[in-house]
Amino acid sequence: VGGQRFQDGKRNFLGKSSDIARRDRGISRGGLRLEVRSWANLLPPEVCSLLNPAAIYANNEISLRDVEVYGFDYDYTLAQYADALHPEIFTAARDILIEHYKYPEGIRKYDYNPSFAIRGLHYDIQKSLLMKIDAFHYVQLGTAYRGLQPVPDEEVIDLYGGTQHIPLYQMSGFYGKGPSIKQFMDIFSLPEMALLSCVVDHFLGHGLEFDQAHLYKDVTDAIRDVHVKGLMYQWIERDMEKYILRGDETFAVLSRLVAHGKQLFLITNSPFSFVDKGMRHMVGPDWRQLFDVVIVQADKPSFFTDRRKPFRKLDEKGSLQWDRITRLEKGKIYRQGNLFDFLRLTEWRGPRVLYFGDHLYSDLADLMLRHGWRTGAIIPELEREIRIINTEQYMHSLTWQQALTGLLERMQTYQDAESRQVLAAWMKERQELRCITKALFNAQFGSIFRTFHNPTYFSRRLVRFSDLYMASLSCLLNYRVDFTFYPRRTPLQHEAPLWMDQLCTGCMKTPFLGDMAHIR
């Protein structure tokens with residue numbers, strides 16, 4: 001791909017030659033000159049292999065030397081599941097809608113599309129609108145869908161009163177459930193979003209009238225039934241080799257921590273029989289000896305806020321016992337309870353506790369904000385996104401976008417007709433590059449971490465509720481148990497960026513390189 005460079009004294013600016021000038025000629029304008037230059041040279045050697053998908057990334061400084069107690073969720077934390085589980089959930093919930101909620105038989109023609117949705121999207125119930133929202137509550141244009149069809153940007157803006165902004169009172173509450181807008185935060189929500197979109201698509205495509213709130217609730221209840229009826233548990237238990245990933249690595253992490261004198265506990269919403277079979281598969285029959293406390297069916301997130309539910313002990317067969325709980329014993333299984341009794345009985349408080357989970361709201365938010373525990377988020381999508389970021393296609397596209405952004409900012413002072421034409425061409429090219437970059441991650445919604453330039457609402461919550469985040473628990477095996485994680489000092493808008501420092505540490509966020517650095 002060719003490019004052009006404006007020369008203005010000692011300044012150099014890059015532009016796309018194919019839209020502005022031919023490769024064999026330059027254009028002079030008031031002392032400005034355009035000339036062709038290849039943009040492949042903008043990237044330093046090895047820049048595309050800087051990010052490690054198996055690394056742990058820090059939002060807050062934390063030393064594992066200070067952590068004495070490690071806690072874990074079960075689903076998608078200790079046990080990582082294969083994507084093959086999602087079409088099973090989708091199909092079962094779809095059939096429940098048809099057979100028990102009497103939805104049209106035509107819905108059965110829809111199959112699960114794993115490439116449709118991403119985690120962290122918002123759904124406006126009254127508008128039947130699935131969309132991606134950034135950290136400042138703005139809808140990313142081009143990422144709003146009703147059913148399976150994109151909604152034009154003009155219509156989205158009109159639906160929200162002439163703006164892309166969603167007011168705070170309409171947005172999701174603390175746990176991702178607002179009065180009219182819900183955020184889909186866990187990995188199990190991927191088949192839910194897909195089914196919701198398919199059902200809306202069928203009703204709209206056949207001109208069927210429906211109440212948006214009823215449809216949303218029915219789909220949500222059908223997905224819930226898959227879990228409540230134990231269908232998902234049955235699928236996993238029947239074929240653990242197929243559905244459970246990285247079991248050996250989970251065993252290695254737990255064994256290593258115990259060998260270094262760390263205390264471990266498990267708090268999960270899943271039932272004991274399911275957890276027991278999964279842990280036996282990954283760790284072995286004596287898995288409970290690794291944990292100082294095991295709590296099942298905890299009913300998170302209310303476990304962290306509701307003081308009224310007492311702990312109940314389970315016997316070896318999983319039956320409830322009636323004796324009062326005055327201490328939490330190693331090797332025993334407890335059900336329900338609440339965090340306040342947990343803290344009183346264990347005295348595990350503050351930053352010496354590090355808890356890992358995959359759900360930012362249900363697992364991590366209360367622990368960080370109310371109780372001062374350190375938290376680690378398990379984000380399986382991180383591995384794939386980093387591999388995309390490491391490609392030359394992504395890096396070239398992002399570099400050129402940033403160059404064009406700097407050009408637009410710097411050259412907007414030129415207001416003659418020809419300059420405005422060039423600026424318009426740059427603006428168009430920048431938007432095209434944004435769409436190309438977005439599609440590298442997901443054709444409909446892009447990356448779960450970024451809109452075109454801002455962090456997503458999901459990213460904002462990730463930074464707020466987690467000290468560390470990683471693709472899987474096995475990433476811990478790449479670090480010493482006394483390792484200190486230091487977050488990179490990413491520049492605020494008014495601070496001078498330290499580009500070479502970021503390049504050397506593998507955290508290049510906005511790659512202005514070499515002769516482009518002056519643009520910002």
# chains A, B, ... in the order shown; residues from 1 in each chain; ligands from 1
$ select_by_dssp --residues "region 387-477 of chain A" --states "strand (DSSP E or B)" --output "list in words"
Arg450, Pro455, Thr456, Leu468, Tyr469 and Met470 of chain A
$ closest_residue --among "A:Ile388, A:Leu360, A:Leu345, A:Leu354" --to "Leu51 (chain A)" --atoms "only C-alpha atoms"
A:Ile388
$ closest_residue --among "A:Gln493, A:Ser472, A:Thr163, A:Ser447" --to "Tyr138 (chain A)" --atoms "only C-alpha atoms"
A:Thr163
$ residues_around --residues "region 63-79 of chain A" --least-positions-apart "2" --cutoff "9 Å" --atoms "only C-alpha atoms" --output "PyMOL selection string"
chain A and resi 61+81+187+244-247+250-251+257+261-270+275+278-279+282+348+351-358+363+374+377-380+472-473+480-486
$ closest_residue --among "A:Gly205, A:Pro455, A:Pro487, A:Pro191" --to "Ala58 (chain A)" --atoms "only C-alpha atoms"
A:Pro487
$ atom_distance --atom1 "CA of Met470 (chain A)" --atom2 "CA of Glu347 (chain A)"
27.7 Å
$ closest_residue --among "A:Ala213, A:Val226, A:Ile157, A:Val200" --to "Glu88 (chain A)" --atoms "only C-alpha atoms"
A:Val226
$ atom_distance --atom1 "CA of Gly337 (chain A)" --atom2 "CA of Met232 (chain A)"
24.6 Å
$ select_by_dssp --residues "region 76-306 of chain A" --states "helix (DSSP H, G or I)" --output "short mmCIF file (atom, residue, chain, number, x, y, z; two decimals) with N, CA, C and O atoms, in the first residue's frame"
data_model
loop_
_atom_site.label_atom_id
_atom_site.label_comp_id
_atom_site.auth_asym_id
_atom_site.auth_seq_id
_atom_site.Cartn_x
_atom_site.Cartn_y
_atom_site.Cartn_z
N LEU A 85 -20.23 -26.19 23.63
CA LEU A 85 -21.34 -26.15 24.57
C LEU A 85 -22.42 -25.14 24.15
O LEU A 85 -23.61 -25.33 24.41
N HIS A 86 -22.02 -24.08 23.46
CA HIS A 86 -22.95 -23.00 23.13
C HIS A 86 -24.07 -23.43 22.19
O HIS A 86 -25.24 -23.10 22.44
N PRO A 87 -23.79 -24.15 21.10
CA PRO A 87 -24.91 -24.59 20.25
C PRO A 87 -25.86 -25.54 20.97
O PRO A 87 -27.06 -25.57 20.66
N GLU A 88 -25.35 -26.31 21.93
CA GLU A 88 -26.23 -27.18 22.71
C GLU A 88 -27.22 -26.35 23.54
O GLU A 88 -28.41 -26.65 23.60
N ILE A 89 -26.71 -25.29 24.19
CA ILE A 89 -27.58 -24.42 24.99
C ILE A 89 -28.59 -23.73 24.09
O ILE A 89 -29.80 -23.65 24.41
N PHE A 90 -28.14 -23.21 22.97
CA PHE A 90 -29.01 -22.52 22.02
C PHE A 90 -30.13 -23.44 21.55
O PHE A 90 -31.32 -23.06 21.59
N THR A 91 -29.79 -24.63 21.10
CA THR A 91 -30.78 -25.55 20.54
C THR A 91 -31.80 -25.98 21.60
O THR A 91 -33.01 -26.03 21.33
N ALA A 92 -31.32 -26.29 22.80
CA ALA A 92 -32.23 -26.72 23.86
C ALA A 92 -33.20 -25.59 24.24
O ALA A 92 -34.40 -25.83 24.41
N ALA A 93 -32.69 -24.38 24.38
CA ALA A 93 -33.56 -23.25 24.73
C ALA A 93 -34.53 -22.92 23.60
O ALA A 93 -35.69 -22.58 23.84
N ARG A 94 -34.07 -23.01 22.37
CA ARG A 94 -34.95 -22.80 21.21
C ARG A 94 -36.11 -23.79 21.23
O ARG A 94 -37.28 -23.41 21.03
N ASP A 95 -35.81 -25.04 21.49
CA ASP A 95 -36.86 -26.06 21.52
C ASP A 95 -37.80 -25.86 22.70
O ASP A 95 -39.01 -26.15 22.60
N ILE A 96 -37.28 -25.39 23.83
CA ILE A 96 -38.14 -25.08 24.98
C ILE A 96 -39.12 -23.97 24.63
O ILE A 96 -40.31 -24.03 24.98
N LEU A 97 -38.65 -22.96 23.91
CA LEU A 97 -39.54 -21.88 23.49
C LEU A 97 -40.69 -22.42 22.63
O LEU A 97 -41.85 -22.01 22.79
N ILE A 98 -40.37 -23.32 21.74
CA ILE A 98 -41.38 -23.85 20.81
C ILE A 98 -42.33 -24.80 21.52
O ILE A 98 -43.56 -24.72 21.38
N GLU A 99 -41.79 -25.71 22.32
CA GLU A 99 -42.60 -26.78 22.89
C GLU A 99 -43.31 -26.40 24.18
O GLU A 99 -44.41 -26.90 24.46
N GLU A 105 -43.28 -22.60 15.17
CA GLU A 105 -42.44 -23.71 14.74
C GLU A 105 -41.32 -23.23 13.82
O GLU A 105 -40.25 -23.85 13.75
N GLY A 106 -41.55 -22.13 13.11
CA GLY A 106 -40.55 -21.62 12.18
C GLY A 106 -39.23 -21.23 12.82
O GLY A 106 -38.20 -21.14 12.14
N ILE A 107 -39.25 -21.03 14.13
CA ILE A 107 -38.01 -20.67 14.83
C ILE A 107 -37.01 -21.81 14.80
O ILE A 107 -35.80 -21.61 14.90
N ARG A 108 -37.52 -23.03 14.60
CA ARG A 108 -36.65 -24.20 14.62
C ARG A 108 -35.65 -24.20 13.46
O ARG A 108 -34.65 -24.92 13.47
N LYS A 109 -35.89 -23.38 12.46
CA LYS A 109 -34.97 -23.34 11.31
C LYS A 109 -33.66 -22.64 11.66
O LYS A 109 -32.67 -22.76 10.93
N ASP A 153 -27.46 3.86 11.10
CA ASP A 153 -27.00 4.81 12.12
C ASP A 153 -28.01 5.91 12.37
O ASP A 153 -28.23 6.32 13.52
N GLU A 154 -28.64 6.41 11.32
CA GLU A 154 -29.61 7.50 11.45
C GLU A 154 -30.79 7.07 12.33
O GLU A 154 -31.29 7.85 13.14
N GLU A 155 -31.22 5.82 12.16
CA GLU A 155 -32.34 5.34 12.97
C GLU A 155 -31.95 5.19 14.43
O GLU A 155 -32.74 5.49 15.34
N VAL A 156 -30.74 4.70 14.68
CA VAL A 156 -30.26 4.57 16.06
C VAL A 156 -30.25 5.93 16.75
O VAL A 156 -30.73 6.09 17.88
N ILE A 157 -29.70 6.91 16.07
CA ILE A 157 -29.64 8.27 16.64
C ILE A 157 -31.04 8.81 16.88
O ILE A 157 -31.32 9.43 17.92
N ASP A 158 -31.94 8.57 15.96
CA ASP A 158 -33.32 9.04 16.11
C ASP A 158 -34.01 8.35 17.29
O ASP A 158 -34.78 8.99 18.03
N LEU A 159 -33.74 7.04 17.48
CA LEU A 159 -34.36 6.30 18.57
C LEU A 159 -33.97 6.86 19.94
O LEU A 159 -34.74 6.74 20.91
N LEU A 168 -27.55 7.77 31.88
CA LEU A 168 -27.16 6.88 32.97
C LEU A 168 -28.35 6.13 33.54
O LEU A 168 -28.27 4.94 33.84
N TYR A 169 -29.51 6.81 33.68
CA TYR A 169 -30.66 6.17 34.30
C TYR A 169 -31.21 5.01 33.46
O TYR A 169 -31.92 4.14 33.99
N GLN A 170 -30.91 5.01 32.16
CA GLN A 170 -31.35 3.91 31.31
C GLN A 170 -30.35 2.76 31.26
O GLN A 170 -30.68 1.66 30.85
N SER A 189 -23.94 -16.10 28.15
CA SER A 189 -24.91 -15.21 27.50
C SER A 189 -24.76 -15.20 25.98
O SER A 189 -25.63 -14.67 25.29
N LEU A 190 -23.69 -15.77 25.44
CA LEU A 190 -23.52 -15.79 23.99
C LEU A 190 -24.66 -16.53 23.28
O LEU A 190 -25.25 -15.99 22.33
N PRO A 191 -25.04 -17.75 23.70
CA PRO A 191 -26.20 -18.38 23.06
C PRO A 191 -27.50 -17.65 23.36
O PRO A 191 -28.43 -17.68 22.54
N GLU A 192 -27.59 -16.97 24.49
CA GLU A 192 -28.80 -16.20 24.81
C GLU A 192 -28.98 -15.04 23.83
O GLU A 192 -30.08 -14.81 23.31
N MET A 193 -27.90 -14.30 23.56
CA MET A 193 -27.98 -13.20 22.60
C MET A 193 -28.32 -13.71 21.21
O MET A 193 -29.12 -13.10 20.48
N ALA A 194 -27.73 -14.84 20.84
CA ALA A 194 -28.00 -15.41 19.52
C ALA A 194 -29.46 -15.82 19.39
O ALA A 194 -30.11 -15.54 18.37
N LEU A 195 -30.01 -16.48 20.41
CA LEU A 195 -31.40 -16.91 20.36
C LEU A 195 -32.35 -15.72 20.36
O LEU A 195 -33.33 -15.69 19.60
N LEU A 196 -32.07 -14.75 21.19
CA LEU A 196 -32.90 -13.54 21.24
C LEU A 196 -32.96 -12.88 19.87
O LEU A 196 -34.04 -12.48 19.38
N SER A 197 -31.81 -12.76 19.22
CA SER A 197 -31.76 -12.12 17.90
C SER A 197 -32.51 -12.95 16.85
O SER A 197 -33.19 -12.40 15.98
N CYS A 198 -32.40 -14.27 16.92
CA CYS A 198 -33.09 -15.13 15.96
C CYS A 198 -34.60 -15.05 16.13
O CYS A 198 -35.35 -15.02 15.13
N VAL A 199 -35.07 -15.05 17.37
CA VAL A 199 -36.51 -14.98 17.60
C VAL A 199 -37.08 -13.65 17.12
O VAL A 199 -38.12 -13.60 16.46
N VAL A 200 -36.39 -12.55 17.44
CA VAL A 200 -36.82 -11.24 16.95
C VAL A 200 -36.81 -11.22 15.43
O VAL A 200 -37.74 -10.69 14.79
N ASP A 201 -35.79 -11.79 14.83
CA ASP A 201 -35.69 -11.84 13.37
C ASP A 201 -36.89 -12.58 12.76
O ASP A 201 -37.45 -12.14 11.75
N HIS A 202 -37.30 -13.68 13.38
CA HIS A 202 -38.44 -14.44 12.87
C HIS A 202 -39.73 -13.62 12.97
O HIS A 202 -40.52 -13.57 12.01
N PHE A 203 -39.97 -13.00 14.11
CA PHE A 203 -41.20 -12.23 14.30
C PHE A 203 -41.26 -11.05 13.33
O PHE A 203 -42.31 -10.79 12.73
N LEU A 204 -40.16 -10.35 13.17
CA LEU A 204 -40.14 -9.20 12.26
C LEU A 204 -40.28 -9.67 10.81
O LEU A 204 -41.00 -9.04 10.02
N GLY A 205 -39.59 -10.74 10.46
CA GLY A 205 -39.62 -11.23 9.10
C GLY A 205 -40.97 -11.74 8.66
O GLY A 205 -41.28 -11.75 7.46
N GLN A 212 -42.24 -6.60 23.23
CA GLN A 212 -40.79 -6.77 23.37
C GLN A 212 -40.39 -7.31 24.74
O GLN A 212 -39.50 -8.16 24.85
N ALA A 213 -41.07 -6.83 25.79
CA ALA A 213 -40.72 -7.27 27.14
C ALA A 213 -41.06 -8.74 27.34
O ALA A 213 -40.30 -9.49 27.96
N HIS A 214 -42.22 -9.19 26.79
CA HIS A 214 -42.60 -10.60 26.93
C HIS A 214 -41.61 -11.49 26.20
O HIS A 214 -41.20 -12.55 26.71
N LEU A 215 -41.25 -11.08 24.98
CA LEU A 215 -40.32 -11.90 24.20
C LEU A 215 -38.97 -12.02 24.90
O LEU A 215 -38.40 -13.11 25.00
N TYR A 216 -38.48 -10.91 25.40
CA TYR A 216 -37.20 -10.93 26.11
C TYR A 216 -37.26 -11.84 27.32
O TYR A 216 -36.35 -12.67 27.54
N LYS A 217 -38.33 -11.74 28.11
CA LYS A 217 -38.45 -12.57 29.31
C LYS A 217 -38.57 -14.05 28.95
O LYS A 217 -37.97 -14.91 29.61
N ASP A 218 -39.31 -14.36 27.90
CA ASP A 218 -39.47 -15.76 27.53
C ASP A 218 -38.14 -16.38 27.10
O ASP A 218 -37.83 -17.51 27.47
N VAL A 219 -37.38 -15.65 26.31
CA VAL A 219 -36.08 -16.16 25.87
C VAL A 219 -35.15 -16.33 27.07
O VAL A 219 -34.46 -17.36 27.21
N THR A 220 -35.13 -15.34 27.95
CA THR A 220 -34.30 -15.42 29.15
C THR A 220 -34.70 -16.60 30.02
O THR A 220 -33.85 -17.34 30.55
N ASP A 221 -36.02 -16.81 30.16
CA ASP A 221 -36.50 -17.94 30.97
C ASP A 221 -36.15 -19.27 30.33
O ASP A 221 -35.84 -20.25 31.03
N ALA A 222 -36.22 -19.34 28.99
CA ALA A 222 -35.86 -20.59 28.31
C ALA A 222 -34.40 -20.93 28.52
O ALA A 222 -34.04 -22.09 28.75
N ILE A 223 -33.53 -19.92 28.44
CA ILE A 223 -32.11 -20.13 28.71
C ILE A 223 -31.91 -20.56 30.16
O ILE A 223 -31.14 -21.49 30.46
N ARG A 224 -32.64 -19.92 31.05
CA ARG A 224 -32.53 -20.28 32.47
C ARG A 224 -32.97 -21.73 32.70
O ARG A 224 -32.37 -22.46 33.49
N ASP A 225 -34.03 -22.15 31.98
CA ASP A 225 -34.52 -23.52 32.14
C ASP A 225 -33.45 -24.55 31.78
O ASP A 225 -33.38 -25.63 32.38
N VAL A 226 -32.63 -24.23 30.79
CA VAL A 226 -31.55 -25.15 30.40
C VAL A 226 -30.63 -25.41 31.58
O VAL A 226 -30.16 -26.53 31.81
N HIS A 227 -30.38 -24.35 32.37
CA HIS A 227 -29.51 -24.48 33.54
C HIS A 227 -30.25 -25.11 34.72
O HIS A 227 -29.75 -26.02 35.37
N VAL A 228 -31.48 -24.60 34.98
CA VAL A 228 -32.23 -25.07 36.15
C VAL A 228 -32.57 -26.55 36.03
O VAL A 228 -32.52 -27.30 37.02
N LEU A 231 -29.79 -29.54 32.23
CA LEU A 231 -29.43 -30.07 30.92
C LEU A 231 -27.95 -29.85 30.62
O LEU A 231 -27.26 -30.75 30.13
N MET A 232 -27.46 -28.64 30.92
CA MET A 232 -26.06 -28.34 30.65
C MET A 232 -25.14 -29.24 31.47
O MET A 232 -24.13 -29.74 30.97
N TYR A 233 -25.51 -29.46 32.71
CA TYR A 233 -24.71 -30.34 33.57
C TYR A 233 -24.65 -31.75 32.98
O TYR A 233 -23.59 -32.40 32.99
N GLN A 234 -25.78 -32.22 32.46
CA GLN A 234 -25.82 -33.58 31.89
C GLN A 234 -24.91 -33.70 30.68
O GLN A 234 -24.19 -34.70 30.54
N TRP A 235 -24.93 -32.71 29.80
CA TRP A 235 -24.08 -32.76 28.61
C TRP A 235 -22.60 -32.84 28.99
O TRP A 235 -21.84 -33.62 28.44
N ILE A 236 -22.22 -31.98 29.93
CA ILE A 236 -20.80 -31.93 30.33
C ILE A 236 -20.39 -33.22 31.01
O ILE A 236 -19.32 -33.77 30.74
N GLU A 237 -21.25 -33.73 31.90
CA GLU A 237 -20.92 -34.95 32.64
C GLU A 237 -20.80 -36.15 31.71
O GLU A 237 -20.01 -37.06 31.96
N ARG A 238 -21.58 -36.16 30.62
CA ARG A 238 -21.54 -37.30 29.69
C ARG A 238 -20.26 -37.33 28.86
O ARG A 238 -19.82 -38.40 28.45
N MET A 240 -16.87 -35.28 29.34
CA MET A 240 -15.99 -34.27 29.92
C MET A 240 -14.76 -34.01 29.05
O MET A 240 -14.24 -32.90 29.01
N GLU A 241 -14.31 -35.03 28.34
CA GLU A 241 -13.17 -34.83 27.44
C GLU A 241 -13.50 -33.83 26.35
O GLU A 241 -12.64 -33.07 25.91
N LYS A 242 -14.73 -33.81 25.92
CA LYS A 242 -15.16 -32.90 24.86
C LYS A 242 -15.34 -31.48 25.36
O LYS A 242 -14.94 -30.52 24.70
N TYR A 243 -15.94 -31.35 26.54
CA TYR A 243 -16.38 -30.03 26.98
C TYR A 243 -15.43 -29.32 27.94
O TYR A 243 -15.41 -28.10 27.99
N GLY A 247 -7.84 -29.14 31.84
CA GLY A 247 -7.96 -29.73 33.17
C GLY A 247 -6.62 -29.98 33.82
O GLY A 247 -6.44 -29.75 35.02
N ASP A 248 -5.64 -30.46 33.06
CA ASP A 248 -4.31 -30.73 33.60
C ASP A 248 -3.66 -29.44 34.10
O ASP A 248 -2.95 -29.45 35.12
N GLU A 249 -3.90 -28.35 33.39
CA GLU A 249 -3.31 -27.07 33.79
C GLU A 249 -3.95 -26.55 35.07
O GLU A 249 -3.28 -25.96 35.92
N THR A 250 -5.25 -26.78 35.23
CA THR A 250 -5.91 -26.39 36.47
C THR A 250 -5.31 -27.15 37.65
O THR A 250 -5.03 -26.57 38.71
N PHE A 251 -5.11 -28.45 37.47
CA PHE A 251 -4.49 -29.26 38.53
C PHE A 251 -3.09 -28.74 38.85
O PHE A 251 -2.70 -28.64 40.03
N ALA A 252 -2.34 -28.36 37.82
CA ALA A 252 -0.98 -27.86 38.03
C ALA A 252 -0.99 -26.56 38.82
O ALA A 252 -0.15 -26.35 39.71
N VAL A 253 -1.93 -25.67 38.51
CA VAL A 253 -2.02 -24.39 39.23
C VAL A 253 -2.33 -24.62 40.70
O VAL A 253 -1.66 -24.08 41.60
N LEU A 254 -3.35 -25.44 40.98
CA LEU A 254 -3.76 -25.68 42.36
C LEU A 254 -2.66 -26.37 43.15
O LEU A 254 -2.36 -25.99 44.30
N SER A 255 -2.04 -27.38 42.56
CA SER A 255 -0.98 -28.12 43.26
C SER A 255 0.20 -27.22 43.58
O SER A 255 0.80 -27.30 44.66
N ARG A 256 0.54 -26.36 42.65
CA ARG A 256 1.68 -25.46 42.84
C ARG A 256 1.43 -24.48 43.98
O ARG A 256 2.31 -24.23 44.81
N LEU A 257 0.22 -23.96 44.05
CA LEU A 257 -0.11 -23.01 45.11
C LEU A 257 -0.07 -23.70 46.48
O LEU A 257 0.47 -23.14 47.45
N VAL A 258 -0.64 -24.88 46.56
CA VAL A 258 -0.62 -25.62 47.83
C VAL A 258 0.81 -25.95 48.24
O VAL A 258 1.18 -25.85 49.41
N ALA A 259 1.64 -26.33 47.28
CA ALA A 259 3.03 -26.66 47.57
C ALA A 259 3.80 -25.47 48.12
O ALA A 259 4.80 -25.65 48.84
N PHE A 272 -23.09 -29.37 44.00
CA PHE A 272 -21.93 -30.18 44.39
C PHE A 272 -21.69 -31.36 43.46
O PHE A 272 -20.56 -31.65 43.09
N SER A 273 -22.74 -32.08 43.08
CA SER A 273 -22.55 -33.28 42.27
C SER A 273 -21.87 -32.95 40.96
O SER A 273 -21.00 -33.70 40.49
N PHE A 274 -22.22 -31.81 40.36
CA PHE A 274 -21.62 -31.38 39.10
C PHE A 274 -20.16 -30.98 39.31
O PHE A 274 -19.27 -31.38 38.56
N VAL A 275 -19.91 -30.17 40.33
CA VAL A 275 -18.55 -29.72 40.62
C VAL A 275 -17.67 -30.91 40.96
O VAL A 275 -16.51 -31.01 40.52
N ASP A 276 -18.19 -31.84 41.76
CA ASP A 276 -17.41 -33.01 42.19
C ASP A 276 -16.96 -33.84 40.99
O ASP A 276 -15.79 -34.25 40.90
N LYS A 277 -17.86 -34.07 40.05
CA LYS A 277 -17.50 -34.87 38.87
C LYS A 277 -16.48 -34.14 38.00
O LYS A 277 -15.54 -34.76 37.48
N GLY A 278 -16.65 -32.83 37.85
CA GLY A 278 -15.69 -32.07 37.06
C GLY A 278 -14.32 -32.02 37.70
O GLY A 278 -13.29 -32.18 37.02
N MET A 279 -14.27 -31.81 39.00
CA MET A 279 -12.99 -31.74 39.70
C MET A 279 -12.30 -33.10 39.75
O MET A 279 -11.06 -33.19 39.67
N ARG A 280 -13.07 -34.16 39.86
CA ARG A 280 -12.48 -35.50 39.80
C ARG A 280 -11.84 -35.73 38.43
O ARG A 280 -10.77 -36.35 38.33
N HIS A 281 -12.49 -35.23 37.40
CA HIS A 281 -11.95 -35.38 36.04
C HIS A 281 -10.65 -34.59 35.88
O HIS A 281 -9.69 -35.09 35.29
N MET A 282 -10.61 -33.37 36.41
CA MET A 282 -9.44 -32.51 36.21
C MET A 282 -8.32 -32.80 37.21
O MET A 282 -7.14 -32.76 36.85
N TRP A 287 -9.54 -34.28 45.28
CA TRP A 287 -9.45 -32.85 44.97
C TRP A 287 -9.79 -31.96 46.15
O TRP A 287 -9.24 -30.86 46.30
N ARG A 288 -10.69 -32.44 47.03
CA ARG A 288 -11.11 -31.59 48.16
C ARG A 288 -9.98 -31.33 49.15
O ARG A 288 -10.03 -30.35 49.90
N GLN A 289 -8.96 -32.19 49.13
CA GLN A 289 -7.84 -31.99 50.05
C GLN A 289 -6.99 -30.78 49.66
O GLN A 289 -6.18 -30.31 50.47
N LEU A 290 -7.17 -30.29 48.44
CA LEU A 290 -6.44 -29.09 48.02
C LEU A 290 -7.08 -27.82 48.55
O LEU A 290 -6.43 -26.78 48.62
N SER A 302 -25.75 -12.37 45.42
CA SER A 302 -26.36 -12.06 46.72
C SER A 302 -25.55 -12.66 47.87
O SER A 302 -25.65 -12.18 49.01
N PHE A 303 -24.74 -13.67 47.60
CA PHE A 303 -23.84 -14.23 48.62
C PHE A 303 -22.98 -13.14 49.24
O PHE A 303 -22.64 -13.20 50.43
N PHE A 304 -22.61 -12.14 48.44
CA PHE A 304 -21.70 -11.09 48.91
C PHE A 304 -22.41 -9.97 49.66
O PHE A 304 -21.75 -9.15 50.30
#
$ residues_around --residues "Ser180 (chain A)" --least-positions-apart "4" --cutoff "7 Å" --atoms "only C-alpha atoms" --output "list in words"
Asp124, Ile125, Gln126 and Gln170 of chain A
$ atom_distance --atom1 "CA of Phe340 (chain A)" --atom2 "CA of Val294 (chain A)"
15.7 Å
$ closest_residue --among "A:Pro114, A:Pro491, A:Pro285, A:Pro150" --to "Leu130 (chain A)" --atoms "only C-alpha atoms"
A:Pro150
$ residues_around --residues "region 142-144 of chain A" --least-positions-apart "3" --cutoff "9 Å" --atoms "only C-alpha atoms" --output "VMD selection string"
chain A and resid 129 to 133 139 149 to 153 156 435 444 to 446
$ write_last_selection --atoms "N, CA, C and O atoms" --output "short mmCIF file (atom, residue, chain, number, x, y, z; two decimals), in the first residue's frame"
data_model
loop_
_atom_site.label_atom_id
_atom_site.label_comp_id
_atom_site.auth_asym_id
_atom_site.auth_seq_id
_atom_site.Cartn_x
_atom_site.Cartn_y
_atom_site.Cartn_z
N LEU A 129 -33.15 -3.91 20.59
CA LEU A 129 -31.90 -3.45 19.98
C LEU A 129 -30.70 -4.03 20.74
O LEU A 129 -30.54 -3.77 21.93
N LEU A 130 -29.91 -4.82 20.04
CA LEU A 130 -28.65 -5.34 20.59
C LEU A 130 -27.52 -4.46 20.08
O LEU A 130 -27.39 -4.26 18.87
N MET A 131 -26.70 -3.93 20.98
CA MET A 131 -25.73 -2.92 20.56
C MET A 131 -24.50 -2.92 21.46
O MET A 131 -24.51 -3.45 22.57
N LYS A 132 -23.47 -2.28 20.95
CA LYS A 132 -22.21 -2.15 21.68
C LYS A 132 -22.06 -0.70 22.13
O LYS A 132 -22.22 0.22 21.34
N ILE A 133 -21.76 -0.54 23.41
CA ILE A 133 -21.69 0.79 24.02
C ILE A 133 -20.30 1.01 24.59
O ILE A 133 -19.70 0.09 25.18
N VAL A 139 -23.35 4.70 21.92
CA VAL A 139 -23.49 3.54 21.05
C VAL A 139 -22.46 3.66 19.92
O VAL A 139 -22.33 4.71 19.29
N GLN A 149 -30.52 -8.15 11.66
CA GLN A 149 -30.28 -7.11 10.67
C GLN A 149 -29.70 -5.86 11.32
O GLN A 149 -30.16 -5.44 12.39
N PRO A 150 -28.70 -5.26 10.68
CA PRO A 150 -28.15 -4.01 11.23
C PRO A 150 -29.17 -2.88 11.13
O PRO A 150 -29.95 -2.80 10.18
N VAL A 151 -29.15 -2.02 12.13
CA VAL A 151 -30.03 -0.85 12.16
C VAL A 151 -29.22 0.35 11.66
O VAL A 151 -28.13 0.61 12.17
N PRO A 152 -29.74 1.10 10.67
CA PRO A 152 -28.99 2.25 10.15
C PRO A 152 -28.62 3.23 11.26
O PRO A 152 -29.38 3.42 12.23
N ASP A 153 -27.46 3.86 11.10
CA ASP A 153 -27.00 4.81 12.12
C ASP A 153 -28.01 5.91 12.37
O ASP A 153 -28.23 6.32 13.52
N VAL A 156 -30.74 4.70 14.68
CA VAL A 156 -30.26 4.57 16.06
C VAL A 156 -30.25 5.93 16.75
O VAL A 156 -30.73 6.09 17.88
N CYS A 435 -13.55 0.34 10.03
CA CYS A 435 -14.46 -0.78 9.76
C CYS A 435 -13.69 -2.06 9.46
O CYS A 435 -14.07 -3.16 9.90
N GLN A 444 -19.84 -8.06 13.08
CA GLN A 444 -20.96 -7.24 13.53
C GLN A 444 -20.56 -6.23 14.62
O GLN A 444 -20.96 -5.07 14.57
N PHE A 445 -19.78 -6.69 15.59
CA PHE A 445 -19.58 -5.88 16.79
C PHE A 445 -18.12 -5.56 17.11
O PHE A 445 -17.84 -4.77 18.01
N GLY A 446 -17.16 -6.15 16.41
CA GLY A 446 -15.77 -5.83 16.64
C GLY A 446 -15.21 -6.45 17.91
O GLY A 446 -15.63 -7.52 18.36
#
